[in-house]
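All remarks here apply to the structure that follows.
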Amino acid sequence: MTATPNHIPNITHIIYDNDGLLLDTEPFYTKAHQELAARFGKVFDWTVKSKMIGLRAEDSANVVIKALQLPFTVVEYLEERRHLLETMFPEADPMPGAVKLTRHLHKALIPQAVASSSDRFYFDLKITKHGEWYKIFECVVLGDDPEIEQGKPAPDIFLLAAKRMRANPENCLVVEDAPSGVEAALAAGMFVVAVPDPNMDSGVYVGAHQIIRSLDELDLAYWGFPPYA
């Protein structure tokens, strides 16, 4: 699905979300939420998960607590979840096409950044096996960065990534898997390609300039990037 921009984009920089886009971490989050919900006879499914993808930890915890009426405060829920996630995240693997795409653009001298709602503690666990790969990014901006006032769907995180790359927002392409991330990128005045989880309804990615099934499908030539050899 493609929504053609009103003018030909002049993309000089690219910004990626991390969870479910570069790294396959979403199954870990799902498993942790399911385990916590099951303790109280509740079922955590995509009806709830679809509302949480892309949000900062506190916001996502608030969503699941209210949706399933769990007897936790946000702080208590996140502490219980932390015990489960910190053993899973170091095993995270790349999403299809992620390494190939980012290394190709790095070789072509295209500045790239990561803008993730994750906090630093979890992010470092997720990239345990991928330290060398993540060195190719110009910057990594995380949800607990002190310069970010509001998380996605507010544009703060993407505007900060652009600022640190010395890029104009209108020259940035954001690649996102979450509706809140698409909304944030559009609010930042950037172009955005959505790569939804197969379980997500593509109709909720309102305003995305393109919707693709995996990073392997990113139209490099359309966005002004050199094609694969």
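Residues are named by chain letter and number: chains run A, B, ... in the order of the structure tokens, numbers start at 1 in each chain, and ligands are numbered from 1 in the order shown.
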
Practice prompt. Excluding Leu70 in chain A and any residue of its chain fewer than 4 positions from it, enumerate the residues within 10 Å of it, using only C-alpha atoms, and give them as a ChimeraX atom specification.
Written response: /A:36-37,39-42,62,64-66,77

Practice prompt. Return as a PyMOL selection string the full set of residues in range 122-154 of chain A whose backbone-based DSSP assignment is strand (DSSP E or B).
Written response: chain A and resi 139-142

Export, as a short mmCIF file (atom, residue, chain, number, x, y, z; two decimals), in the first residue's frame, the selected residues with all heavy atoms.
data_model
loop_
_atom_site.label_atom_id
_atom_site.label_comp_id
_atom_site.auth_asym_id
_atom_site.auth_seq_id
_atom_site.Cartn_x
_atom_site.Cartn_y
_atom_site.Cartn_z
N CYS A 139 23.30 7.80 15.85
CA CYS A 139 22.89 8.01 17.23
C CYS A 139 21.76 7.06 17.58
O CYS A 139 21.08 6.52 16.70
CB CYS A 139 22.46 9.46 17.48
SG CYS A 139 20.93 9.96 16.67
N VAL A 140 21.59 6.82 18.87
CA VAL A 140 20.48 6.03 19.41
C VAL A 140 19.78 6.89 20.45
O VAL A 140 20.41 7.35 21.40
CB VAL A 140 20.98 4.72 20.05
CG1 VAL A 140 19.84 4.01 20.76
CG2 VAL A 140 21.62 3.82 19.00
N VAL A 141 18.50 7.14 20.24
CA VAL A 141 17.71 7.94 21.17
C VAL A 141 16.68 7.02 21.82
O VAL A 141 15.94 6.31 21.13
CB VAL A 141 16.99 9.10 20.46
CG1 VAL A 141 16.25 9.96 21.47
CG2 VAL A 141 18.00 9.95 19.68
N LEU A 142 16.64 7.01 23.15
CA LEU A 142 15.79 6.08 23.89
C LEU A 142 14.72 6.81 24.70
O LEU A 142 14.82 8.01 24.94
CB LEU A 142 16.65 5.21 24.80
CG LEU A 142 17.71 4.38 24.06
CD1 LEU A 142 18.60 3.65 25.05
CD2 LEU A 142 17.06 3.39 23.09
#

Discussion item. Counting only C-alpha atoms, which residue out of A:Glu170, A:Asp219, A:Asp197, A:Glu35 sits closest to Glu80 in chain A?
Written reply: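 Once distances to Glu80 in chain A are computed over only C-alpha atoms, the minimum belongs to A:Glu35.
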
Item to complete: Can you check which residues of range 11-209 of chain A DSSP gives as alpha helix (DSSP H) on the backbone and send them as a VMD selection string?
Response: chain A and resid 26 to 38 46 to 49 57 to 68 74 to 88 98 to 107 120 to 126 131 to 134 156 to 165 179 to 187

Item to complete: Please provide as a VMD selection string all residues within 10 Å of Leu23 in chain A, with the sequence filter that same-chain residues fewer than 5 positions apart are discarded (counting only C-alpha atoms).
Response: chain A and resid 17 to 18 89 92 to 96 98 to 99 126 to 127 130

Restricted to all heavy atoms, what would the selected residues look like written as a CSV table (one decimal), in the first residue's frame?
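In the end it all went to out.csv:
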chain,number,residue,atom,x,y,z
A,17,ASP,N,12.6,2.6,14.3
A,17,ASP,CA,12.2,2.1,15.6
A,17,ASP,C,13.1,0.9,15.8
A,17,ASP,O,13.8,0.4,14.9
A,17,ASP,CB,10.8,1.7,15.6
A,17,ASP,CG,10.3,1.2,16.9
A,17,ASP,OD1,10.7,1.7,18.0
A,17,ASP,OD2,9.6,0.1,16.9
A,18,ASN,N,13.1,0.3,17.0
A,18,ASN,CA,13.9,-0.9,17.3
A,18,ASN,C,13.1,-2.2,17.5
A,18,ASN,O,13.2,-3.1,16.7
A,18,ASN,CB,14.8,-0.6,18.5
A,18,ASN,CG,15.9,-1.6,18.7
A,18,ASN,OD1,16.7,-1.9,17.8
A,18,ASN,ND2,16.0,-2.3,19.9
A,89,PHE,N,15.7,-10.9,26.8
A,89,PHE,CA,16.2,-10.0,25.9
A,89,PHE,C,17.6,-10.3,25.3
A,89,PHE,O,17.9,-10.0,24.1
A,89,PHE,CB,16.2,-8.6,26.5
A,89,PHE,CG,14.8,-7.9,26.5
A,89,PHE,CD1,14.5,-7.0,27.4
A,89,PHE,CD2,13.9,-8.2,25.5
A,89,PHE,CE1,13.3,-6.4,27.4
A,89,PHE,CE2,12.6,-7.7,25.5
A,89,PHE,CZ,12.3,-6.7,26.5
A,92,ALA,N,17.7,-11.8,21.8
A,92,ALA,CA,17.0,-11.2,20.7
A,92,ALA,C,17.8,-11.4,19.4
A,92,ALA,O,19.0,-11.2,19.3
A,92,ALA,CB,16.8,-9.8,21.0
A,93,ASP,N,17.1,-11.7,18.3
A,93,ASP,CA,17.7,-11.8,17.0
A,93,ASP,C,17.2,-10.7,16.0
A,93,ASP,O,16.1,-10.1,16.3
A,93,ASP,CB,17.4,-13.2,16.3
A,93,ASP,CG,18.1,-14.3,17.0
A,93,ASP,OD1,19.3,-14.1,17.4
A,93,ASP,OD2,17.5,-15.4,17.2
A,94,PRO,N,17.9,-10.4,15.0
A,94,PRO,CA,17.5,-9.4,14.0
A,94,PRO,C,16.2,-9.8,13.3
A,94,PRO,O,15.9,-10.9,13.1
A,94,PRO,CB,18.6,-9.2,13.0
A,94,PRO,CG,19.8,-9.8,13.8
A,94,PRO,CD,19.2,-10.9,14.6
A,95,MET,N,15.4,-8.8,12.9
A,95,MET,CA,14.2,-9.0,12.1
A,95,MET,C,14.7,-9.2,10.6
A,95,MET,O,15.8,-8.8,10.3
A,95,MET,CB,13.3,-7.8,12.1
A,95,MET,CG,12.6,-7.6,13.5
A,95,MET,SD,11.4,-8.9,13.9
A,95,MET,CE,10.1,-8.5,12.7
A,96,PRO,N,13.9,-9.9,9.8
A,96,PRO,CA,14.3,-10.2,8.4
A,96,PRO,C,14.7,-8.9,7.7
A,96,PRO,O,13.9,-7.9,7.7
A,96,PRO,CB,13.1,-10.8,7.8
A,96,PRO,CG,12.4,-11.5,9.0
A,96,PRO,CD,12.6,-10.6,10.1
A,98,ALA,N,16.9,-6.6,8.3
A,98,ALA,CA,17.3,-5.5,9.1
A,98,ALA,C,18.8,-5.3,8.9
A,98,ALA,O,19.3,-4.1,8.7
A,98,ALA,CB,17.0,-5.7,10.6
A,99,VAL,N,19.6,-6.3,9.1
A,99,VAL,CA,21.1,-6.2,9.0
A,99,VAL,C,21.5,-5.8,7.6
A,99,VAL,O,22.3,-4.9,7.4
A,99,VAL,CB,21.8,-7.4,9.5
A,99,VAL,CG1,23.3,-7.3,9.3
A,99,VAL,CG2,21.5,-7.7,11.0
A,126,LYS,N,18.9,-6.0,25.0
A,126,LYS,CA,18.5,-6.4,23.7
A,126,LYS,C,19.6,-6.5,22.7
A,126,LYS,O,19.6,-7.4,21.8
A,126,LYS,CB,17.4,-5.5,23.1
A,126,LYS,CG,16.1,-5.5,23.9
A,126,LYS,CD,15.2,-4.3,23.6
A,126,LYS,CE,14.0,-4.2,24.5
A,126,LYS,NZ,13.3,-3.0,24.3
A,127,ILE,N,20.6,-5.6,22.8
A,127,ILE,CA,21.7,-5.6,21.8
A,127,ILE,C,22.9,-6.4,22.3
A,127,ILE,O,24.0,-6.2,21.7
A,127,ILE,CB,22.1,-4.2,21.4
A,127,ILE,CG1,22.7,-3.4,22.5
A,127,ILE,CG2,20.9,-3.4,20.8
A,127,ILE,CD1,23.4,-2.1,22.1
A,130,HIS,N,24.7,-7.9,19.6
A,130,HIS,CA,24.7,-7.1,18.3
A,130,HIS,C,25.4,-5.8,18.5
A,130,HIS,O,25.2,-4.8,17.8
A,130,HIS,CB,23.2,-6.8,17.9
A,130,HIS,CG,22.4,-8.0,17.8
A,130,HIS,ND1,22.6,-9.1,16.9
A,130,HIS,CD2,21.3,-8.4,18.6
A,130,HIS,CE1,21.7,-10.0,17.1
A,130,HIS,NE2,20.9,-9.7,18.1

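Between CA of Asp145 in chain A and CA of Val48 in chain A there is a distance of 26.5 Å.
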